[in-house]
Amino acid sequence: MQLKPAISHWIEHLQSLGLYTFTRAQAESETGRSFVATQTALRRLKEQGRIVSPRRGFYVVVPFEYRAANSPPANWFIDDMMLYLDQPYYVGLLSAAAIHGAAHQQPMVFQVMTNKPTREIRSGKVAIQFSMSCKIEHMPVTEKQTETGTMRVATPETTAFDMVRYQAAAGHLSNAATVLAELAECIDAQALVSIAQLVRLPDVQRLGYLLDAVGESDLAGPLAKWLDTQKPRAIFLHPGESADVKVDMRWHVLPNIELEVDLQASSTTQ
């Protein structure tokens, strides 16, 4: 009779193979243990800080060096977890900006875009915040290597548009402008025009205005030419706040808030 491997030993074997995620069903199947025995063993390992479960039925192995945080970084498991949840995704907003080098203000949470409302996930001390987009599978992304595999990350151009669309998650417009000043050297002007056709016209207008505000008028030039063909109406820079201000004719934007952009921060990172 073949002995059933202890779940703790099975997890150590996974780790030796460079695998840091698994499901409860997988643990039950591959160790030949019952549902109850598997649940009991996994609960004990969670209490010991050897594994963490950011979503019911999905587990992440916690290497010794991450025991204090009770979780490895989100980029170790985000791809596997989103596959488990059966949701398309990409790492976005400030997290994507930081990956592309705009790291003046590191986000306090790991920011992910997906296609349905998803509550924030806690994995030990790691927080993963979700924003919803119906364009998730159409926006350009890039594959980035991680310590455990790969993950989908918004391109610099997708990141730029998302930051004006999801202002609160980006730390509002002044912070978005500061990040854009750092991100600009990674942005391709023609790629912005390609994405403009996928997003709302006000997002194009606000992004163009912000690029001008941080001294990137040349980068925004092709986008301005494309906008001229769309006959845009005038919009407020910050939605919902009326003000008696003069319209910016290049972007048809009414600057109803004053931007506070930390251009010095962006220049010190270049």
# chains A, B, ... in the order shown; residues from 1 in each chain; ligands from 1
call {"tool": "residues_around", "arguments": {"residues": "Arg152 of chain A", "least_positions_apart": "4", "cutoff": "9 Å", "atoms": "only C-alpha atoms", "output": "PyMOL selection string"}}
result
chain A and resi 79+89-91+141-144
call {"tool": "residues_around", "arguments": {"residues": "segment 173-179 of chain A", "least_positions_apart": "2", "cutoff": "10 Å", "atoms": "only C-alpha atoms", "output": "PyMOL selection string"}}
result
chain A and resi 93-94+97-98+101-105+160+162-171+181-184+206-207+209-214+237-238+257-266
call {"tool": "atom_distance", "arguments": {"atom1": "atom CA of Thr158 of chain A", "atom2": "atom CA of Lys231 of chain A"}}
result
23.0 Å
call {"tool": "residues_around", "arguments": {"residues": "Gln15 of chain A", "least_positions_apart": "2", "cutoff": "12 Å", "atoms": "only C-alpha atoms", "output": "NGL selection string"}}
result
:A and (8-13 or 17-22 or 50-51 or 60-64 or 148)
call {"tool": "select_by_dssp", "arguments": {"residues": "segment 93-190 of chain A", "states": "strand (DSSP E)", "output": "ChimeraX atom specification"}}
result
/A:110-114,121-123,126-132,141-145,150-154
call {"tool": "write_last_selection", "arguments": {"atoms": "N, CA and C atoms", "output": "mmCIF file, in the first residue's frame"}}
result
data_model
loop_
_atom_site.group_PDB
_atom_site.id
_atom_site.type_symbol
_atom_site.label_atom_id
_atom_site.label_comp_id
_atom_site.auth_asym_id
_atom_site.auth_seq_id
_atom_site.Cartn_x
_atom_site.Cartn_y
_atom_site.Cartn_z
ATOM 1 N N PHE A 110 -1.355 46.956 -4.833
ATOM 2 C CA PHE A 110 -1.066 46.424 -6.160
ATOM 3 C C PHE A 110 -2.346 46.578 -6.977
ATOM 4 N N GLN A 111 -2.291 47.338 -8.066
ATOM 5 C CA GLN A 111 -3.493 47.713 -8.799
ATOM 6 C C GLN A 111 -3.668 46.863 -10.056
ATOM 7 N N VAL A 112 -4.867 46.314 -10.191
ATOM 8 C CA VAL A 112 -5.170 45.378 -11.283
ATOM 9 C C VAL A 112 -6.470 45.785 -11.940
ATOM 10 N N MET A 113 -6.496 45.715 -13.272
ATOM 11 C CA MET A 113 -7.714 45.952 -14.040
ATOM 12 C C MET A 113 -8.330 44.602 -14.402
ATOM 13 N N THR A 114 -9.660 44.510 -14.300
ATOM 14 C CA THR A 114 -10.356 43.292 -14.700
ATOM 15 C C THR A 114 -11.736 43.655 -15.224
ATOM 16 N N ILE A 121 -8.458 42.282 -2.484
ATOM 17 C CA ILE A 121 -7.942 41.025 -1.954
ATOM 18 C C ILE A 121 -6.788 41.309 -1.015
ATOM 19 N N ARG A 122 -6.785 40.652 0.121
ATOM 20 C CA ARG A 122 -5.685 40.734 1.082
ATOM 21 C C ARG A 122 -4.970 39.397 1.126
ATOM 22 N N SER A 123 -3.666 39.443 0.940
ATOM 23 C CA SER A 123 -2.834 38.252 1.069
ATOM 24 C C SER A 123 -1.740 38.605 2.058
ATOM 25 N N VAL A 126 -0.115 42.070 1.889
ATOM 26 C CA VAL A 126 -0.212 42.513 0.498
ATOM 27 C C VAL A 126 -1.673 42.801 0.156
ATOM 28 N N ALA A 127 -1.941 43.998 -0.383
ATOM 29 C CA ALA A 127 -3.296 44.380 -0.787
ATOM 30 C C ALA A 127 -3.347 44.504 -2.300
ATOM 31 N N ILE A 128 -4.375 43.903 -2.908
ATOM 32 C CA ILE A 128 -4.574 43.965 -4.350
ATOM 33 C C ILE A 128 -5.911 44.657 -4.600
ATOM 34 N N GLN A 129 -5.847 45.782 -5.297
ATOM 35 C CA GLN A 129 -7.034 46.607 -5.563
ATOM 36 C C GLN A 129 -7.431 46.469 -7.032
ATOM 37 N N PHE A 130 -8.725 46.309 -7.275
ATOM 38 C CA PHE A 130 -9.214 46.079 -8.631
ATOM 39 C C PHE A 130 -10.034 47.266 -9.138
ATOM 40 N N SER A 131 -9.858 47.584 -10.410
ATOM 41 C CA SER A 131 -10.728 48.516 -11.114
ATOM 42 C C SER A 131 -11.334 47.761 -12.285
ATOM 43 N N MET A 132 -12.556 48.134 -12.643
ATOM 44 C CA MET A 132 -13.265 47.387 -13.683
ATOM 45 C C MET A 132 -13.263 48.142 -15.004
ATOM 46 N N VAL A 141 -1.364 45.366 -23.887
ATOM 47 C CA VAL A 141 -0.614 44.964 -22.701
ATOM 48 C C VAL A 141 0.708 44.344 -23.142
ATOM 49 N N THR A 142 1.578 44.145 -22.175
ATOM 50 C CA THR A 142 2.847 43.476 -22.439
ATOM 51 C C THR A 142 3.051 42.404 -21.381
ATOM 52 N N GLU A 143 3.761 41.357 -21.727
ATOM 53 C CA GLU A 143 4.078 40.296 -20.766
ATOM 54 C C GLU A 143 5.383 40.647 -20.062
ATOM 55 N N LYS A 144 5.359 40.649 -18.751
ATOM 56 C CA LYS A 144 6.550 40.938 -17.963
ATOM 57 C C LYS A 144 6.961 39.697 -17.165
ATOM 58 N N GLN A 145 8.245 39.444 -17.150
ATOM 59 C CA GLN A 145 8.772 38.310 -16.389
ATOM 60 C C GLN A 145 8.702 38.602 -14.898
ATOM 61 N N THR A 150 5.215 34.820 -15.521
ATOM 62 C CA THR A 150 4.951 36.084 -16.212
ATOM 63 C C THR A 150 3.646 36.674 -15.698
ATOM 64 N N MET A 151 3.443 37.946 -16.007
ATOM 65 C CA MET A 151 2.163 38.601 -15.719
ATOM 66 C C MET A 151 1.882 39.615 -16.809
ATOM 67 N N ARG A 152 0.612 39.928 -16.989
ATOM 68 C CA ARG A 152 0.177 40.895 -17.996
ATOM 69 C C ARG A 152 0.215 42.294 -17.384
ATOM 70 N N VAL A 153 0.863 43.207 -18.079
ATOM 71 C CA VAL A 153 1.014 44.573 -17.579
ATOM 72 C C VAL A 153 0.577 45.549 -18.668
ATOM 73 N N ALA A 154 -0.173 46.568 -18.298
ATOM 74 C CA ALA A 154 -0.570 47.596 -19.252
ATOM 75 C C ALA A 154 0.668 48.226 -19.887
#
